[in-house]
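Enquirer: This is upload12.cif, which holds mmCIF, C-alpha atoms:
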```cif
data_target
#
loop_
_atom_site.label_atom_id
_atom_site.label_comp_id
_atom_site.auth_asym_id
_atom_site.auth_seq_id
_atom_site.Cartn_x
_atom_site.Cartn_y
_atom_site.Cartn_z
CA MET A 1 0.00 0.00 0.00
CA ALA A 2 1.47 3.34 -1.09
CA PRO A 3 2.04 5.89 1.68
CA SER A 4 -0.47 8.73 1.72
CA LYS A 5 0.68 12.07 0.38
CA PRO A 6 1.01 15.00 2.77
CA SER A 7 -1.96 17.34 2.66
CA LEU A 8 -1.74 20.85 1.24
CA GLU A 9 -2.30 22.20 4.75
CA MET A 10 0.70 20.24 6.05
CA LEU A 11 2.93 21.42 3.21
CA ARG A 12 1.93 25.03 3.83
CA SER A 13 2.53 24.61 7.55
CA LEU A 14 6.02 23.22 6.95
CA THR A 15 6.84 26.05 4.52
CA ASP A 16 5.61 28.69 6.98
CA GLU A 17 7.72 27.17 9.75
CA ASN A 18 10.80 27.23 7.50
CA VAL A 19 10.18 30.89 6.66
CA LEU A 20 9.72 31.86 10.29
CA ARG A 21 12.76 29.98 11.50
CA ILE A 22 15.05 31.43 8.83
CA LEU A 23 13.84 34.94 9.74
CA MET A 24 14.67 34.15 13.35
CA LYS A 25 18.29 33.72 12.29
CA HIS A 26 18.51 36.85 10.12
CA PRO A 27 17.32 40.43 10.83
CA GLN A 28 15.71 40.73 7.40
CA LEU A 29 15.67 38.87 4.07
CA THR A 30 14.11 39.21 0.66
CA ARG A 31 11.81 36.49 -0.61
CA ALA A 32 14.57 35.40 -3.00
CA GLU A 33 17.04 35.14 -0.10
CA ILE A 34 14.54 33.14 1.96
CA ALA A 35 14.12 30.77 -0.98
CA ALA A 36 17.89 30.39 -1.28
CA HIS A 37 18.33 29.70 2.44
CA THR A 38 15.48 27.17 2.64
CA GLY A 39 15.78 25.50 -0.75
CA ILE A 40 12.08 26.11 -1.37
CA SER A 41 10.86 27.60 -4.67
CA LYS A 42 10.35 31.36 -4.91
CA PRO A 43 6.60 31.14 -5.75
CA THR A 44 6.02 28.89 -2.70
CA ILE A 45 7.97 31.29 -0.49
CA SER A 46 6.02 34.27 -1.85
CA ASP A 47 2.74 32.58 -0.94
CA SER A 48 4.05 31.78 2.54
CA VAL A 49 5.28 35.33 3.16
CA GLN A 50 1.87 36.67 2.13
CA ARG A 51 0.08 34.28 4.52
CA LEU A 52 2.38 35.14 7.39
CA ALA A 53 2.06 38.88 6.70
CA GLU A 54 -1.74 38.59 6.78
CA ALA A 55 -1.43 36.72 10.09
CA GLY A 56 0.65 39.59 11.52
CA LEU A 57 3.80 37.50 11.95
CA VAL A 58 5.92 38.89 9.11
CA ALA A 59 6.19 42.49 7.93
CA ASP A 60 7.72 44.46 5.08
CA THR A 61 10.57 46.46 6.63
CA GLY A 62 10.41 49.20 4.00
CA ASP A 63 13.99 48.50 2.89
CA ARG A 64 14.64 47.62 -0.75
CA THR A 65 17.46 45.97 -2.62
CA ALA A 66 19.87 48.21 -4.51
CA GLY A 67 21.54 47.79 -7.87
CA ARG A 68 20.34 46.62 -11.25
CA GLY A 69 17.45 44.32 -11.82
CA ARG A 70 14.14 43.90 -10.12
CA VAL A 71 13.86 45.63 -6.75
CA GLY A 72 13.22 43.23 -3.88
CA ALA A 73 11.47 44.02 -0.60
CA TYR A 74 13.02 42.99 2.71
CA TYR A 75 10.88 41.12 5.21
CA ALA A 76 11.37 40.50 8.91
CA LEU A 77 9.40 39.13 11.81
CA ALA A 78 6.73 41.61 12.87
CA PRO A 79 7.90 44.00 15.62
CA ASP A 80 5.02 42.99 17.91
CA THR A 81 5.71 39.25 17.61
CA GLY A 82 6.52 39.38 21.30
CA ALA A 83 9.39 38.71 23.65
CA ALA A 84 10.41 36.35 26.42
CA LEU A 85 11.08 37.28 30.03
CA VAL A 86 14.31 36.00 31.58
CA ALA A 87 14.67 36.39 35.34
CA GLY A 88 17.46 35.56 37.76
CA ILE A 89 16.77 35.35 41.51
CA THR A 90 19.90 35.52 43.66
CA PRO A 91 20.80 36.72 47.17
CA HIS A 92 22.04 39.93 45.52
CA GLY A 93 18.74 40.74 43.83
CA VAL A 94 16.39 39.98 40.96
CA THR A 95 17.54 40.67 37.42
CA ALA A 96 14.96 40.57 34.63
CA GLU A 97 15.33 41.11 30.92
CA ALA A 98 13.28 40.93 27.74
CA VAL A 99 14.76 38.99 24.82
CA ASP A 100 13.44 38.72 21.29
CA VAL A 101 13.44 35.73 18.94
CA HIS A 102 16.93 36.68 17.72
CA GLY A 103 18.30 36.38 21.27
CA THR A 104 18.82 40.13 21.56
CA VAL A 105 18.40 41.59 25.05
CA LEU A 106 15.94 44.43 24.57
CA HIS A 107 15.75 45.74 28.11
CA GLN A 108 17.07 44.82 31.55
CA VAL A 109 16.11 45.87 35.08
CA HIS A 110 17.47 44.98 38.50
CA SER A 111 15.80 45.01 41.90
CA ALA A 112 18.18 44.74 44.86
CA LEU A 113 17.77 42.28 47.73
CA GLU A 114 19.41 41.90 51.11
CA ARG A 115 20.85 38.55 52.18
CA ARG A 116 18.14 38.01 54.80
CA ASP A 117 15.14 39.03 52.67
CA GLY A 118 12.32 36.51 52.86
CA PRO A 119 9.79 35.25 50.30
CA ASP A 120 7.48 38.29 50.47
CA ARG A 121 10.24 40.73 49.61
CA VAL A 122 11.64 38.44 46.90
CA ALA A 123 8.16 38.06 45.37
CA SER A 124 7.77 41.86 45.37
CA ALA A 125 11.17 42.31 43.72
CA LEU A 126 10.31 39.73 41.05
CA ALA A 127 6.96 41.43 40.37
CA GLU A 128 8.60 44.87 40.21
CA ALA A 129 11.19 43.63 37.72
CA ALA A 130 8.58 41.87 35.59
CA ALA A 131 6.37 44.97 35.55
CA GLY A 132 9.29 47.09 34.37
CA ILE A 133 10.08 44.65 31.58
CA SER A 134 6.44 44.24 30.55
CA SER A 135 5.90 47.99 30.18
CA SER A 136 8.87 48.38 27.83
CA ALA A 137 8.66 45.15 25.79
CA PRO A 138 7.66 45.42 22.10
CA GLY A 139 4.60 43.21 22.17
CA PRO A 140 3.47 40.69 24.75
CA LEU A 141 5.71 38.63 27.01
CA ARG A 142 4.85 35.19 25.63
CA THR A 143 6.91 33.04 28.00
CA ALA A 144 9.30 33.32 30.93
CA VAL A 145 12.31 31.37 32.13
CA VAL A 146 13.48 31.83 35.72
CA SER A 147 16.82 30.96 37.28
CA ALA A 148 16.69 30.68 41.08
CA ALA A 149 19.52 30.31 43.58
CA ASP A 150 17.48 27.76 45.51
CA PRO A 151 16.17 24.23 44.97
CA VAL A 152 13.14 24.15 42.65
CA ASP A 153 10.26 21.70 42.72
CA ARG A 154 10.12 20.09 39.30
CA ALA A 155 6.34 19.73 39.16
CA THR A 156 5.25 23.19 40.34
CA GLY A 157 8.19 25.55 39.76
CA ARG A 158 8.00 26.62 43.42
CA LEU A 159 11.20 27.14 45.35
CA VAL A 160 11.88 24.53 48.02
CA GLN A 161 13.21 25.24 51.49
CA LEU A 162 15.76 22.54 52.35
CA PRO A 163 17.58 22.36 55.71
CA ASP A 164 20.49 24.81 55.96
CA ALA A 165 19.71 26.50 52.65
CA PRO A 166 21.66 29.80 52.63
CA PHE A 167 19.08 31.79 50.65
CA LEU A 168 15.94 31.82 52.79
CA VAL A 169 13.09 32.46 50.36
CA GLY A 170 10.81 29.68 51.61
CA ASP A 171 8.30 28.35 49.11
CA LEU A 172 8.33 31.29 46.67
CA ASP A 173 6.08 30.57 43.67
CA PRO A 174 7.53 32.35 40.58
CA PRO A 175 4.87 31.07 38.13
CA SER A 176 2.10 32.65 40.25
CA VAL A 177 4.03 35.91 40.68
CA LEU A 178 4.62 36.20 36.92
CA ALA A 179 1.14 35.13 35.78
CA ALA A 180 -0.01 38.77 35.58
CA TYR A 181 2.81 39.70 33.22
CA VAL A 182 3.42 36.64 31.04
CA GLY A 183 0.86 35.18 28.67
CA GLY A 184 2.42 31.75 28.28
CA PRO A 185 4.36 29.10 30.18
CA VAL A 186 6.76 29.99 33.01
CA LEU A 187 9.73 27.62 33.36
CA VAL A 188 11.72 27.65 36.61
CA ASP A 189 14.94 25.82 37.45
CA ASN A 190 17.90 26.03 39.78
CA ASP A 191 20.68 28.43 38.78
CA VAL A 192 23.29 25.65 38.84
CA ASN A 193 21.31 23.63 36.30
CA TRP A 194 21.10 26.67 33.99
CA ALA A 195 24.82 27.29 34.43
CA ALA A 196 25.60 23.71 33.44
CA SER A 197 23.38 24.09 30.37
CA ALA A 198 25.26 27.21 29.33
CA GLU A 199 28.69 25.59 29.74
CA ARG A 200 27.41 22.64 27.69
CA ASP A 201 26.09 24.88 24.91
CA HIS A 202 28.91 27.40 24.51
CA GLY A 203 31.33 27.12 27.42
CA CYS A 204 34.16 24.87 28.52
CA ALA A 205 32.01 21.72 28.19
CA ALA A 206 30.82 22.43 24.64
CA GLY A 207 30.35 19.13 22.86
CA VAL A 208 30.60 17.09 26.09
CA ASP A 209 27.53 14.96 26.82
CA ASP A 210 28.46 13.67 30.27
CA PHE A 211 29.89 15.96 32.95
CA VAL A 212 29.36 17.23 36.47
CA TYR A 213 29.13 20.96 37.17
CA LEU A 214 30.10 21.89 40.74
CA HIS A 215 29.02 25.31 41.97
CA LEU A 216 31.10 26.84 44.78
CA GLY A 217 29.66 30.17 45.92
CA ARG A 218 27.63 31.40 48.87
CA GLY A 219 25.79 28.13 48.48
CA LEU A 220 26.97 24.72 47.32
CA GLY A 221 25.37 22.98 44.38
CA CYS A 222 25.90 20.48 41.64
CA ALA A 223 24.37 19.71 38.26
CA VAL A 224 24.63 16.38 36.48
CA VAL A 225 24.64 16.38 32.68
CA SER A 226 24.11 12.91 31.22
CA ASP A 227 23.64 12.12 27.53
CA GLY A 228 23.59 15.87 26.91
CA GLN A 229 20.67 16.51 29.28
CA VAL A 230 20.60 18.08 32.74
CA ARG A 231 19.20 15.43 35.08
CA ARG A 232 16.85 17.00 37.62
CA GLY A 233 15.63 13.97 39.55
CA HIS A 234 12.11 12.99 40.61
CA HIS A 235 11.46 16.16 42.63
CA GLY A 236 13.94 18.38 40.78
CA LEU A 237 16.41 18.19 43.67
CA ALA A 238 19.22 16.21 42.03
CA GLY A 239 22.61 17.77 42.82
CA GLU A 240 21.78 19.17 46.26
CA ILE A 241 25.16 18.21 47.72
CA ALA A 242 25.44 20.38 50.84
CA HIS A 243 24.78 17.45 53.18
CA LEU A 244 27.01 14.87 51.54
CA TYR A 245 29.60 13.52 53.98
CA THR A 246 33.18 14.29 53.06
CA VAL A 247 36.61 14.88 54.66
CA GLY A 248 36.82 17.95 56.87
CA PRO A 249 39.67 19.65 58.78
CA GLY A 250 41.93 17.16 60.53
CA GLY A 251 40.48 14.29 58.48
CA ALA A 252 37.16 14.30 60.34
CA ALA A 253 34.08 13.08 58.50
CA MET A 254 31.42 15.79 58.25
CA ARG A 255 28.78 17.22 55.98
CA PHE A 256 30.12 19.36 53.16
CA THR A 257 28.40 22.51 54.43
CA GLU A 258 29.81 21.96 57.93
CA VAL A 259 33.37 22.04 56.59
CA PHE A 260 33.00 25.81 56.14
CA ALA A 261 31.59 26.23 59.63
CA ALA A 262 34.61 24.36 61.01
CA LEU A 263 36.89 26.70 59.05
CA ASP A 264 35.03 29.80 60.29
CA LEU A 265 34.03 30.65 56.71
CA ARG A 266 30.28 31.14 57.09
CA HIS A 267 28.32 34.31 57.72
CA PRO A 268 27.10 34.69 61.32
CA ASP A 269 23.76 33.00 61.99
CA SER A 270 23.69 31.64 58.45
CA THR A 271 24.89 28.69 56.39
CA ALA A 272 25.91 31.05 53.58
CA ILE A 273 29.63 30.86 52.86
CA ASP A 274 31.55 34.09 53.38
CA THR A 275 33.12 34.18 49.94
CA ASP A 276 34.99 37.43 50.54
CA ALA A 277 36.71 36.03 53.64
CA LEU A 278 37.48 32.76 51.86
CA VAL A 279 39.10 34.43 48.86
CA SER A 280 40.99 36.86 51.11
CA ARG A 281 42.47 34.05 53.19
CA LEU A 282 43.48 32.10 50.09
CA ALA A 283 45.15 35.17 48.56
CA ALA A 284 47.58 35.54 51.49
CA ALA A 285 50.23 33.42 49.70
CA ASP A 286 51.50 31.89 52.94
CA GLU A 287 51.48 28.48 54.61
CA GLN A 288 48.05 29.06 56.13
CA ALA A 289 46.62 29.81 52.69
CA GLU A 290 48.19 26.66 51.24
CA SER A 291 46.88 24.61 54.16
CA LEU A 292 43.36 26.03 53.68
CA ARG A 293 43.48 25.34 49.96
CA ALA A 294 44.52 21.74 50.65
CA VAL A 295 41.69 21.23 53.16
CA LEU A 296 39.15 22.62 50.71
CA ALA A 297 40.53 20.50 47.86
CA ARG A 298 40.18 17.33 49.95
CA ALA A 299 36.64 18.21 51.02
CA ILE A 300 35.61 19.01 47.44
CA GLY A 301 37.32 15.85 46.25
CA GLY A 302 35.19 13.76 48.61
CA VAL A 303 32.03 15.22 47.11
CA LEU A 304 33.32 14.68 43.59
CA ALA A 305 34.18 11.06 44.37
CA ALA A 306 30.50 10.43 45.15
CA ALA A 307 29.42 12.23 41.97
CA VAL A 308 31.85 10.23 39.84
CA ALA A 309 30.77 6.93 41.40
CA LEU A 310 27.10 7.63 40.67
CA THR A 311 27.23 9.39 37.29
CA ASP A 312 30.49 8.33 35.53
CA PRO A 313 31.18 11.74 33.93
CA CYS A 314 33.71 12.54 31.21
CA MET A 315 34.81 15.70 32.98
CA ILE A 316 34.14 17.92 36.00
CA VAL A 317 33.51 21.67 35.66
CA ILE A 318 33.99 23.92 38.69
CA GLY A 319 32.21 27.27 38.77
CA GLY A 320 30.76 29.71 41.27
CA GLU A 321 31.91 32.88 43.03
CA TRP A 322 35.07 31.31 44.48
CA GLY A 323 35.26 28.06 42.52
CA THR A 324 37.15 29.71 39.67
CA ARG A 325 39.37 31.89 41.89
CA ALA A 326 42.42 31.60 44.13
CA GLY A 327 43.69 28.42 42.47
CA ILE A 328 40.80 26.29 43.74
CA ALA A 329 40.16 24.45 40.46
CA THR A 330 43.87 23.68 40.06
CA ALA A 331 44.16 22.41 43.63
CA VAL A 332 41.08 20.22 43.20
CA ALA A 333 42.40 18.85 39.90
CA GLU A 334 45.71 17.91 41.53
CA ASP A 335 44.08 16.33 44.59
CA PHE A 336 41.37 14.51 42.63
CA GLY A 337 43.95 13.27 40.14
CA ARG A 338 45.25 10.98 42.89
CA SER A 339 41.82 9.44 43.57
CA PRO A 340 40.92 5.86 42.53
CA ARG A 341 38.75 7.17 39.67
CA PRO A 342 40.35 10.42 38.48
CA VAL A 343 38.39 12.58 36.05
CA PRO A 344 39.69 15.74 34.32
CA VAL A 345 38.77 18.91 36.24
CA THR A 346 38.44 22.32 34.60
CA ALA A 347 37.25 25.78 35.62
CA ALA A 348 34.05 27.25 34.14
CA ILE A 349 34.63 30.09 31.69
CA LEU A 350 31.30 31.94 31.38
CA THR A 351 30.76 35.11 33.40
CA SER A 352 27.00 34.76 34.03
CA PRO A 353 26.26 31.17 33.06
CA ASP A 354 22.94 30.93 34.94
CA LEU A 355 21.40 33.83 33.01
CA ASP A 356 23.07 32.62 29.79
CA GLY A 357 21.46 29.21 30.17
CA ALA A 358 18.04 30.63 31.04
CA ARG A 359 18.22 33.09 28.14
CA THR A 360 19.04 30.34 25.63
CA LYS A 361 16.03 28.33 26.82
CA ALA A 362 13.79 31.41 26.71
CA VAL A 363 14.69 32.12 23.08
CA GLU A 364 14.06 28.48 22.19
CA GLU A 365 10.64 28.54 23.86
CA LEU A 366 9.72 31.89 22.28
CA ARG A 367 10.59 30.64 18.81
CA THR A 368 8.43 27.56 19.30
CA LEU A 369 5.48 29.69 20.40
CA VAL A 370 5.84 31.99 17.38
CA VAL A 371 5.85 29.01 15.01
CA GLN A 372 2.81 27.52 16.76
CA SER A 373 0.94 30.81 16.45
CA ALA A 374 1.12 30.57 12.64
CA ARG A 375 -0.89 27.34 12.53
CA PRO A 376 -4.36 28.64 13.49
CA ALA A 377 -4.17 31.29 10.77
CA LEU A 378 -3.17 28.63 8.27
CA GLN A 379 -6.15 26.43 9.10
CA GLN A 380 -8.77 29.16 8.54
#
```
Could you quickly redo this structure as structure tokens?
Expert:
Amino acid sequence: MAPSKPSLEMLRSLTDENVLRILMKHPQLTRAEIAAHTGISKPTISDSVQRLAEAGLVADTGDRTAGRGRVGAYYALAPDTGAALVAGITPHGVTAEAVDVHGTVLHQVHSALERRDGPDRVASALAEAAAGISSSAPGPLRTAVVSAADPVDRATGRLVQLPDAPFLVGDLDPPSVLAAYVGGPVLVDNDVNWAASAERDHGCAAGVDDFVYLHLGRGLGCAVVSDGQVRRGHHGLAGEIAHLYTVGPGGAAMRFTEVFAALDLRHPDSTAIDTDALVSRLAAADEQAESLRAVLARAIGGVLAAAVALTDPCMIVIGGEWGTRAGIATAVAEDFGRSPRPVPVTAAILTSPDLDGARTKAVEELRTLVVQSARPALQQ
């Protein structure tokens, strides 16, 4: 039995998607250039451009080709196609930005936070930032991607309060806070997972499908990338390593987070690591600094040994506020190189990997929504 031929509707839908996606990669193109990029005939492209223009998704920019021959009009995605909201929630504050389908940051706002601010203040800061972005965005905010410096429940997108978490925002619910400003889905994940995604896409782990990303900052976190995907676990709490047992000062067994308490490297009345004090002590270039670096390398190595045993990574990436400073990555690489199952260790290279990762996902989601919006018009 011969396979059925695709319907005219399906062929038009596929052509429209090709036109939209090529215009997402280029600021503007003529119909002839779109045909050349897609390999689709010029008459078919002309019909598609007309359909998409009538649907309000594509617009004539007003620019024209120069030189001899027939003058061609340049087309681009319509200015009001919409944007995506990208938000980062950290102990320092909430940063929000609008990005378009080309990945261009159109506008950015920041709302400051204090280290001890609770969920009400964080929710207000997130709403303030979203309102500022919404009022300046060209078109609707069609989706949002949030990076949070706290564990995130996979099913609901709510932040989870685990024991000894350094950033005390309780059960903040970003999807509910953003519902008034965003017309589509709100995706929320832990900042360490987004950072690992960014290093996988265009950082030091580009092209690597299996690695562990260790975050060393005010808080301690880990992301596991397996077969090219960030593994979040049943509840979304995979990689919460603060309570893993490891080797502390003097060879004592203790939880990873308690190592820093034993070294007097935590903020008073908090489990947050005092990164300024840590970096300052390591920068002293004396025997005490070398001893501290060795203690930290052994403690980190114990955590990495567990990660290697459970995930079998190709490499380990160390990032975070102090993970890439004061020779920490080098010391860990040397110490871990003597372990029973050594794995190459490297320092992360991206400056703001959590926002980079969230932004990449936001652009991907926005593009998908724009393509989907063409289909109802096609079926009329």
Enquirer: Evaluate the PyMOL selection byres ((chain A and resi 61) around 12) against this structure - the residues, as a list of chain:residue names, please.
Expert: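 Against this file, the PyMOL selection byres ((chain A and resi 61) around 12) returns the residues A:Pro27, A:Gln28, A:Leu29, A:Thr30, A:Ala53, A:Val58, A:Ala59, A:Asp60, A:Gly62, A:Asp63, A:Arg64, A:Thr65, A:Gly72, A:Ala73, A:Tyr74, A:Tyr75, A:Ala76, A:Leu77, A:Ala78, A:Pro79.
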Enquirer: For Gly301 of chain A, which residue out of A:Ala205, A:Leu214, A:Ala262, A:Ala66 is the nearest one, using only C-alpha atoms?
Expert: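 Nearest to Gly301 of chain A: A:Leu214.
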Enquirer: As an exercise, work out the distance from atom CA of Thr324 of chain A to atom CA of Ala348 of chain A in Å and give it to one decimal place.
Expert: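 So the two atoms, atom CA of Thr324 of chain A and atom CA of Ala348 of chain A, lie 6.8 Å apart.
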Enquirer: Which residue out of A:Val94, A:Leu310, A:Val71, A:Ala131 has the minimum interatomic distance to Glu114 of chain A when all atoms listed in the file are used?
Expert: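 With all atoms listed in the file as the atom set, the closest residue is A:Val94.
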Enquirer: I'd like to know which of A:Pro6, A:Val212, A:Ala223, A:Arg231 is closest to Pro344 of chain A, using all atoms listed in the file.
Expert: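 Between A:Pro6, A:Val212, A:Ala223, A:Arg231, the residue approaching Pro344 of chain A most closely is A:Val212.
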Enquirer: As an exercise, work out the distance from atom CA of Ile318 of chain A to atom CA of Ala284 of chain A in Å and give it to one decimal place.
Expert: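 So the two atoms, atom CA of Ile318 of chain A and atom CA of Ala284 of chain A, lie 22.0 Å apart.
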Enquirer: How far is it from atom CA of Val303 of chain A to atom CA of Tyr245 of chain A, in Å with one decimal?
Expert: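 Computing the Euclidean distance for atom CA of Val303 of chain A and atom CA of Tyr245 of chain A yields 7.5 Å.
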Enquirer: Can you pull out every residue within 10 Å of Leu57 of chain A, counting only C-alpha atoms, but drop anything in the same chain fewer than 5 positions away, and send it as JSON, numbers by chain?
Expert: {"A": [20, 49, 51, 52, 76, 77, 78, 79, 80, 81, 82, 370, 371, 373, 374]}
Enquirer: For the file shown, report as a JSON list (two decimals) with C-alpha atoms, keeping the file's coordinate frame the outcome of the PyMOL selection byres ((chain A and resi 342) around 10) at residue level.
Expert:
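Output (out.json):
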```
[["chain", "number", "residue", "atom", "x", "y", "z"],
["A", 301, "GLY", "CA", 37.32, 15.85, 46.25],
["A", 304, "LEU", "CA", 33.32, 14.68, 43.59],
["A", 305, "ALA", "CA", 34.18, 11.06, 44.37],
["A", 308, "VAL", "CA", 31.85, 10.23, 39.84],
["A", 315, "MET", "CA", 34.81, 15.70, 32.98],
["A", 333, "ALA", "CA", 42.40, 18.85, 39.90],
["A", 334, "GLU", "CA", 45.71, 17.91, 41.53],
["A", 335, "ASP", "CA", 44.08, 16.33, 44.59],
["A", 336, "PHE", "CA", 41.37, 14.51, 42.63],
["A", 337, "GLY", "CA", 43.95, 13.27, 40.14],
["A", 338, "ARG", "CA", 45.25, 10.98, 42.89],
["A", 339, "SER", "CA", 41.82, 9.44, 43.57],
["A", 340, "PRO", "CA", 40.92, 5.86, 42.53],
["A", 341, "ARG", "CA", 38.75, 7.17, 39.67],
["A", 343, "VAL", "CA", 38.39, 12.58, 36.05],
["A", 344, "PRO", "CA", 39.69, 15.74, 34.32],
["A", 345, "VAL", "CA", 38.77, 18.91, 36.24]]
```
